file protein00.pdb (PDB, C-alpha atoms, pLDDT in the B column)
ATOM      1  CA  MET N 422      46.881   8.788  45.071  1.00 78.00           C
ATOM      2  CA  ASP N 423      43.876   6.582  45.719  1.00 92.00           C
ATOM      3  CA  TRP N 424      42.762   5.642  42.200  1.00 95.00           C
ATOM      4  CA  THR N 425      39.320   4.552  43.443  1.00 96.00           C
ATOM      5  CA  HIS N 426      38.515   7.949  44.991  1.00 97.00           C
ATOM      6  CA  TYR N 427      36.592  10.486  42.882  1.00 97.00           C
ATOM      7  CA  ARG N 428      35.439  14.080  43.258  1.00 98.00           C
ATOM      8  CA  PHE N 429      32.956  15.354  40.711  1.00 98.00           C
ATOM      9  CA  ARG N 430      31.293  18.694  40.142  1.00 98.00           C
ATOM     10  CA  SER N 431      28.727  19.443  37.452  1.00 98.00           C
ATOM     11  CA  LEU N 432      27.021  22.762  36.828  1.00 98.00           C
ATOM     12  CA  TRP N 433      23.640  22.757  35.133  1.00 98.00           C
ATOM     13  CA  PRO N 434      22.436  26.215  34.095  1.00 98.00           C
ATOM     14  CA  LEU N 435      18.708  25.879  33.470  1.00 98.00           C
ATOM     15  CA  PRO N 436      16.155  28.431  32.187  1.00 98.00           C
ATOM     16  CA  PHE N 437      13.573  27.558  34.854  1.00 98.00           C
ATOM     17  CA  GLY N 438      12.667  28.804  38.297  1.00 97.00           C
ATOM     18  CA  GLY N 439      14.498  27.416  41.284  1.00 97.00           C
ATOM     19  CA  ALA N 440      11.372  25.929  42.868  1.00 97.00           C
ATOM     20  CA  ALA N 441      10.600  23.864  39.753  1.00 98.00           C
ATOM     21  CA  VAL N 442      14.199  22.616  39.498  1.00 98.00           C
ATOM     22  CA  PHE N 443      14.346  21.742  43.199  1.00 98.00           C
ATOM     23  CA  GLN N 444      11.014  19.894  43.043  1.00 98.00           C
ATOM     24  CA  ALA N 445      12.168  17.840  40.054  1.00 98.00           C
ATOM     25  CA  LEU N 446      15.487  16.968  41.711  1.00 98.00           C
ATOM     26  CA  GLU N 447      13.881  15.952  45.006  1.00 97.00           C
ATOM     27  CA  ARG N 448      11.588  13.448  43.213  1.00 97.00           C
ATOM     28  CA  VAL N 449      14.299  10.830  42.783  1.00 97.00           C
ATOM     29  CA  GLU N 450      11.770   8.134  41.919  1.00 97.00           C
ATOM     30  CA  ASP N 451      11.059  10.104  38.701  1.00 98.00           C
ATOM     31  CA  TYR N 452      14.696  10.253  37.560  1.00 98.00           C
ATOM     32  CA  PRO N 453      14.407   7.192  35.282  1.00 98.00           C
ATOM     33  CA  ARG N 454      11.687   9.056  33.319  1.00 98.00           C
ATOM     34  CA  TRP N 455      14.016  11.871  32.297  1.00 98.00           C
ATOM     35  CA  TRP N 456      17.561  10.663  33.027  1.00 98.00           C
ATOM     36  CA  PRO N 457      18.320   7.646  30.801  1.00 97.00           C
ATOM     37  CA  GLN N 458      21.334   6.464  32.814  1.00 97.00           C
ATOM     38  CA  VAL N 459      19.313   6.191  36.022  1.00 98.00           C
ATOM     39  CA  ARG N 460      17.872   2.761  35.336  1.00 98.00           C
ATOM     40  CA  THR N 461      15.878   2.072  38.495  1.00 98.00           C
ATOM     41  CA  VAL N 462      14.950   3.748  41.763  1.00 98.00           C
ATOM     42  CA  THR N 463      13.318   1.613  44.438  1.00 98.00           C
ATOM     43  CA  ARG N 464      12.101   3.501  47.492  1.00 96.00           C
ATOM     44  CA  LEU N 465      12.668   1.681  50.776  1.00 97.00           C
ATOM     45  CA  ASN N 466      11.088   4.407  52.911  1.00 97.00           C
ATOM     46  CA  ASP N 467      10.707   8.211  52.949  1.00 94.00           C
ATOM     47  CA  THR N 468      14.455   8.875  53.114  1.00 97.00           C
ATOM     48  CA  THR N 469      16.139   5.813  51.587  1.00 98.00           C
ATOM     49  CA  GLY N 470      16.153   4.065  48.252  1.00 98.00           C
ATOM     50  CA  VAL N 471      18.172   1.762  46.036  1.00 98.00           C
ATOM     51  CA  ILE N 472      19.383   3.238  42.748  1.00 98.00           C
ATOM     52  CA  THR N 473      20.916   1.498  39.747  1.00 98.00           C
ATOM     53  CA  ILE N 474      22.767   3.552  37.141  1.00 98.00           C
ATOM     54  CA  ARG N 475      24.470   2.663  33.888  1.00 96.00           C
ATOM     55  CA  SER N 476      26.030   4.965  31.333  1.00 93.00           C
ATOM     56  CA  VAL N 477      27.969   4.082  28.164  1.00 92.00           C
ATOM     57  CA  LEU N 478      30.459   1.667  29.705  1.00 90.00           C
ATOM     58  CA  PRO N 479      29.090  -1.868  30.134  1.00 91.00           C
ATOM     59  CA  TYR N 480      28.601  -2.021  33.890  1.00 91.00           C
ATOM     60  CA  ASP N 481      25.803  -1.198  36.324  1.00 96.00           C
ATOM     61  CA  MET N 482      26.375   0.499  39.642  1.00 96.00           C
ATOM     62  CA  THR N 483      23.870  -0.074  42.425  1.00 98.00           C
ATOM     63  CA  PHE N 484      23.884   1.820  45.677  1.00 98.00           C
ATOM     64  CA  THR N 485      21.651   2.724  48.578  1.00 98.00           C
ATOM     65  CA  ALA N 486      20.962   6.441  48.830  1.00 98.00           C
ATOM     66  CA  ARG N 487      19.960   7.821  52.220  1.00 98.00           C
ATOM     67  CA  GLU N 488      18.803  11.409  52.477  1.00 98.00           C
ATOM     68  CA  THR N 489      20.964  13.377  54.902  1.00 98.00           C
ATOM     69  CA  ARG N 490      19.708  16.877  54.142  1.00 98.00           C
ATOM     70  CA  ARG N 491      16.667  18.359  52.423  1.00 98.00           C
ATOM     71  CA  ASP N 492      16.533  22.112  52.769  1.00 98.00           C
ATOM     72  CA  PRO N 493      14.233  23.817  50.226  1.00 97.00           C
ATOM     73  CA  ALA N 494      15.008  27.295  51.616  1.00 97.00           C
ATOM     74  CA  ALA N 495      18.735  26.790  50.986  1.00 98.00           C
ATOM     75  CA  GLY N 496      18.133  24.768  47.806  1.00 98.00           C
ATOM     76  CA  VAL N 497      20.115  21.796  49.127  1.00 98.00           C
ATOM     77  CA  LEU N 498      19.493  18.070  48.658  1.00 98.00           C
ATOM     78  CA  GLU N 499      22.145  15.717  50.006  1.00 98.00           C
ATOM     79  CA  ILE N 500      22.518  11.958  50.244  1.00 98.00           C
ATOM     80  CA  ALA N 501      24.911   9.409  51.687  1.00 98.00           C
ATOM     81  CA  MET N 502      25.665   6.483  49.370  1.00 98.00           C
ATOM     82  CA  SER N 503      26.671   2.919  50.130  1.00 98.00           C
ATOM     83  CA  GLY N 504      27.077  -0.090  47.877  1.00 98.00           C
ATOM     84  CA  ASP N 505      29.060  -0.083  44.619  1.00 97.00           C
ATOM     85  CA  ILE N 506      30.037   3.483  45.512  1.00 97.00           C
ATOM     86  CA  GLU N 507      30.523   4.884  49.012  1.00 98.00           C
ATOM     87  CA  GLY N 508      30.346   8.570  49.818  1.00 98.00           C
ATOM     88  CA  TRP N 509      27.986  11.476  49.357  1.00 98.00           C
ATOM     89  CA  ALA N 510      26.344  13.647  46.716  1.00 98.00           C
ATOM     90  CA  ARG N 511      24.704  17.053  46.932  1.00 98.00           C
ATOM     91  CA  TRP N 512      22.505  19.198  44.708  1.00 98.00           C
ATOM     92  CA  THR N 513      22.613  22.926  45.399  1.00 98.00           C
ATOM     93  CA  VAL N 514      19.978  24.925  43.519  1.00 98.00           C
ATOM     94  CA  THR N 515      20.504  28.699  43.288  1.00 98.00           C
ATOM     95  CA  ALA N 516      19.206  31.623  41.248  1.00 96.00           C
ATOM     96  CA  ASP N 517      21.263  32.377  38.155  1.00 94.00           C
ATOM     97  CA  GLY N 518      20.141  35.466  36.257  1.00 93.00           C
ATOM     98  CA  THR N 519      16.652  34.720  34.972  1.00 94.00           C
ATOM     99  CA  GLY N 520      17.107  30.991  35.489  1.00 97.00           C
ATOM    100  CA  THR N 521      18.621  28.557  37.931  1.00 98.00           C
ATOM    101  CA  LEU N 522      21.975  26.887  38.489  1.00 98.00           C
ATOM    102  CA  ALA N 523      21.839  23.294  39.730  1.00 98.00           C
ATOM    103  CA  ARG N 524      25.267  22.389  41.090  1.00 98.00           C
ATOM    104  CA  TYR N 525      26.049  18.722  41.656  1.00 98.00           C
ATOM    105  CA  ASP N 526      28.939  17.752  43.932  1.00 98.00           C
ATOM    106  CA  GLN N 527      29.917  14.169  44.615  1.00 98.00           C
ATOM    107  CA  VAL N 528      32.757  12.594  46.593  1.00 98.00           C
ATOM    108  CA  VAL N 529      32.905   8.804  46.389  1.00 98.00           C
ATOM    109  CA  ASP N 530      35.098   5.766  46.662  1.00 97.00           C
ATOM    110  CA  VAL N 531      34.390   2.955  44.242  1.00 96.00           C
ATOM    111  CA  SER N 532      33.854  -0.362  46.003  1.00 96.00           C
ATOM    112  CA  LYS N 533      32.591  -2.448  43.062  1.00 94.00           C
ATOM    113  CA  PRO N 534      35.319  -5.127  42.639  1.00 93.00           C
ATOM    114  CA  LEU N 535      35.581  -4.907  38.831  1.00 89.00           C
ATOM    115  CA  LEU N 536      36.001  -1.135  38.901  1.00 91.00           C
ATOM    116  CA  ARG N 537      38.574  -1.379  41.685  1.00 93.00           C
ATOM    117  CA  ARG N 538      40.622  -3.842  39.608  1.00 93.00           C
ATOM    118  CA  LEU N 539      40.459  -1.500  36.608  1.00 92.00           C
ATOM    119  CA  ALA N 540      41.061   1.653  38.668  1.00 93.00           C
ATOM    120  CA  VAL N 541      44.342   2.772  37.097  1.00 95.00           C
ATOM    121  CA  PRO N 542      43.826   2.019  33.388  1.00 95.00           C
ATOM    122  CA  GLY N 543      40.097   2.746  33.523  1.00 94.00           C
ATOM    123  CA  ARG N 544      40.135   6.050  35.411  1.00 95.00           C
ATOM    124  CA  PRO N 545      40.000   8.367  32.355  1.00 95.00           C
ATOM    125  CA  PHE N 546      37.161   6.282  30.902  1.00 95.00           C
ATOM    126  CA  PHE N 547      35.248   6.278  34.199  1.00 95.00           C
ATOM    127  CA  ARG N 548      35.562  10.076  34.434  1.00 96.00           C
ATOM    128  CA  ALA N 549      34.421  10.514  30.817  1.00 96.00           C
ATOM    129  CA  ASN N 550      31.528   8.127  31.469  1.00 96.00           C
ATOM    130  CA  HIS N 551      30.452  10.281  34.420  1.00 96.00           C
ATOM    131  CA  ARG N 552      30.668  13.489  32.339  1.00 97.00           C
ATOM    132  CA  LEU N 553      28.481  11.915  29.660  1.00 97.00           C
ATOM    133  CA  MET N 554      25.969  10.790  32.258  1.00 97.00           C
ATOM    134  CA  MET N 555      25.756  14.274  33.747  1.00 98.00           C
ATOM    135  CA  TRP N 556      25.429  15.907  30.316  1.00 98.00           C
ATOM    136  CA  SER N 557      22.579  13.558  29.486  1.00 98.00           C
ATOM    137  CA  GLY N 558      20.930  14.207  32.858  1.00 98.00           C
ATOM    138  CA  ARG N 559      20.984  17.966  32.330  1.00 98.00           C
ATOM    139  CA  ARG N 560      19.487  17.555  28.884  1.00 98.00           C
ATOM    140  CA  GLY N 561      16.812  15.205  30.213  1.00 98.00           C
ATOM    141  CA  LEU N 562      15.889  17.496  33.102  1.00 98.00           C
ATOM    142  CA  ARG N 563      15.613  20.430  30.735  1.00 98.00           C
ATOM    143  CA  ARG N 564      13.215  18.490  28.484  1.00 98.00           C
ATOM    144  CA  HIS N 565      11.264  17.242  31.488  1.00 98.00           C
ATOM    145  CA  LEU N 566      10.796  20.757  32.867  1.00 98.00           C
ATOM    146  CA  GLN N 567       9.769  22.096  29.449  1.00 97.00           C
ATOM    147  CA  ALA N 568       7.025  19.458  29.287  1.00 95.00           C
ATOM    148  CA  VAL N 569       5.486  20.268  32.673  1.00 84.00           C
TER     149      VAL N 569
END
call {"tool": "encode", "arguments": {"input": "protein00.pdb", "output": "structure tokens"}}
result
Amino acid sequence: MDWTHYRFRSLWPLPFGGAAVFQALERVEDYPRWWPQVRTVTRLNDTTGVITIRSVLPYDMTFTARETRRDPAAGVLEIAMSGDIEGWARWTVTADGTGTLARYDQVVDVSKPLLRRLAVPGRPFFRANHRLMMWSGRRGLRRHLQAV
């Protein structure tokens, strides 16, 4: 088992229309306004930016995100990531009853040296840290969409 390899999936049921959810998720530069763990987003151009995140554990992760797919009709936003984490992430936004389901999938390898050294003993904490970050993101997006 590669202890630095992670697969994550988060499901965010939201009581809003799919178009509103998709529009909020595609505006990555706004994430720090509603997602507390997304500390900074610096756009480099129309498809690439540098993102720094930090959750409960005392470390930042910085990576370059490059858009690889933006398909509003299919409800898909996908990026390739390089830096402290290497891999990809994808939002898939679909109808869910009277609301919307935002599904987040991520497959990454951790390349940050400290996290690689702590890979075995830290793995359960890193996974819990990610769950907390995603829970907080869903809550923040919900509040953000209620306000607009």
call {"tool": "atom_distance", "arguments": {"input": "protein00.pdb", "atom1": "atom CA of Thr485 of chain N", "atom2": "atom CA of Ile472 of chain N"}}
result
6.3 Å
call {"tool": "resolve_selection", "arguments": {"input": "protein00.pdb", "expression": "the PyMOL selection byres ((chain N and resi 496-506) around 6)", "output": "PyMOL selection string"}}
result
chain N and resi 482-495+507-514+530-533
call {"tool": "resolve_selection", "arguments": {"input": "protein00.pdb", "expression": "the PyMOL selection byres ((chain N and resi 557-559) around 12)", "output": "JSON, numbers by chain"}}
result
{"N": [431, 432, 433, 434, 435, 436, 442, 445, 446, 452, 453, 454, 455, 456, 457, 458, 459, 474, 475, 476, 477, 522, 523, 524, 525, 550, 551, 552, 553, 554, 555, 556, 560, 561, 562, 563, 564, 565, 566]}
call {"tool": "write_last_selection", "arguments": {"input": "protein00.pdb", "atoms": "C-alpha atoms", "output": "PDB file, in the frame of the given file"}}
result
ATOM      1  CA  SER N 431      28.727  19.443  37.452  1.00 98.00           C
ATOM      2  CA  LEU N 432      27.021  22.762  36.828  1.00 98.00           C
ATOM      3  CA  TRP N 433      23.640  22.757  35.133  1.00 98.00           C
ATOM      4  CA  PRO N 434      22.436  26.215  34.095  1.00 98.00           C
ATOM      5  CA  LEU N 435      18.708  25.879  33.470  1.00 98.00           C
ATOM      6  CA  PRO N 436      16.155  28.431  32.187  1.00 98.00           C
ATOM      7  CA  VAL N 442      14.199  22.616  39.498  1.00 98.00           C
ATOM      8  CA  ALA N 445      12.168  17.840  40.054  1.00 98.00           C
ATOM      9  CA  LEU N 446      15.487  16.968  41.711  1.00 98.00           C
ATOM     10  CA  TYR N 452      14.696  10.253  37.560  1.00 98.00           C
ATOM     11  CA  PRO N 453      14.407   7.192  35.282  1.00 98.00           C
ATOM     12  CA  ARG N 454      11.687   9.056  33.319  1.00 98.00           C
ATOM     13  CA  TRP N 455      14.016  11.871  32.297  1.00 98.00           C
ATOM     14  CA  TRP N 456      17.561  10.663  33.027  1.00 98.00           C
ATOM     15  CA  PRO N 457      18.320   7.646  30.801  1.00 97.00           C
ATOM     16  CA  GLN N 458      21.334   6.464  32.814  1.00 97.00           C
ATOM     17  CA  VAL N 459      19.313   6.191  36.022  1.00 98.00           C
ATOM     18  CA  ILE N 474      22.767   3.552  37.141  1.00 98.00           C
ATOM     19  CA  ARG N 475      24.470   2.663  33.888  1.00 96.00           C
ATOM     20  CA  SER N 476      26.030   4.965  31.333  1.00 93.00           C
ATOM     21  CA  VAL N 477      27.969   4.082  28.164  1.00 92.00           C
ATOM     22  CA  LEU N 522      21.975  26.887  38.489  1.00 98.00           C
ATOM     23  CA  ALA N 523      21.839  23.294  39.730  1.00 98.00           C
ATOM     24  CA  ARG N 524      25.267  22.389  41.090  1.00 98.00           C
ATOM     25  CA  TYR N 525      26.049  18.722  41.656  1.00 98.00           C
ATOM     26  CA  ASN N 550      31.528   8.127  31.469  1.00 96.00           C
ATOM     27  CA  HIS N 551      30.452  10.281  34.420  1.00 96.00           C
ATOM     28  CA  ARG N 552      30.668  13.489  32.339  1.00 97.00           C
ATOM     29  CA  LEU N 553      28.481  11.915  29.660  1.00 97.00           C
ATOM     30  CA  MET N 554      25.969  10.790  32.258  1.00 97.00           C
ATOM     31  CA  MET N 555      25.756  14.274  33.747  1.00 98.00           C
ATOM     32  CA  TRP N 556      25.429  15.907  30.316  1.00 98.00           C
ATOM     33  CA  ARG N 560      19.487  17.555  28.884  1.00 98.00           C
ATOM     34  CA  GLY N 561      16.812  15.205  30.213  1.00 98.00           C
ATOM     35  CA  LEU N 562      15.889  17.496  33.102  1.00 98.00           C
ATOM     36  CA  ARG N 563      15.613  20.430  30.735  1.00 98.00           C
ATOM     37  CA  ARG N 564      13.215  18.490  28.484  1.00 98.00           C
ATOM     38  CA  HIS N 565      11.264  17.242  31.488  1.00 98.00           C
ATOM     39  CA  LEU N 566      10.796  20.757  32.867  1.00 98.00           C
TER      40      LEU N 566
END
call {"tool": "closest_residue", "arguments": {"input": "protein00.pdb", "among": "N:Thr469, N:Gly439, N:Trp424, N:Thr463", "to": "Gly543 of chain N", "atoms": "only C-alpha atoms"}}
result
N:Trp424
call {"tool": "atom_distance", "arguments": {"input": "protein00.pdb", "atom1": "atom CA of Arg544 of chain N", "atom2": "atom CA of Val449 of chain N"}}
result
27.3 Å
call {"tool": "atom_distance", "arguments": {"input": "protein00.pdb", "atom1": "atom CA of Phe429 of chain N", "atom2": "atom CA of Asp526 of chain N"}}
result
5.7 Å
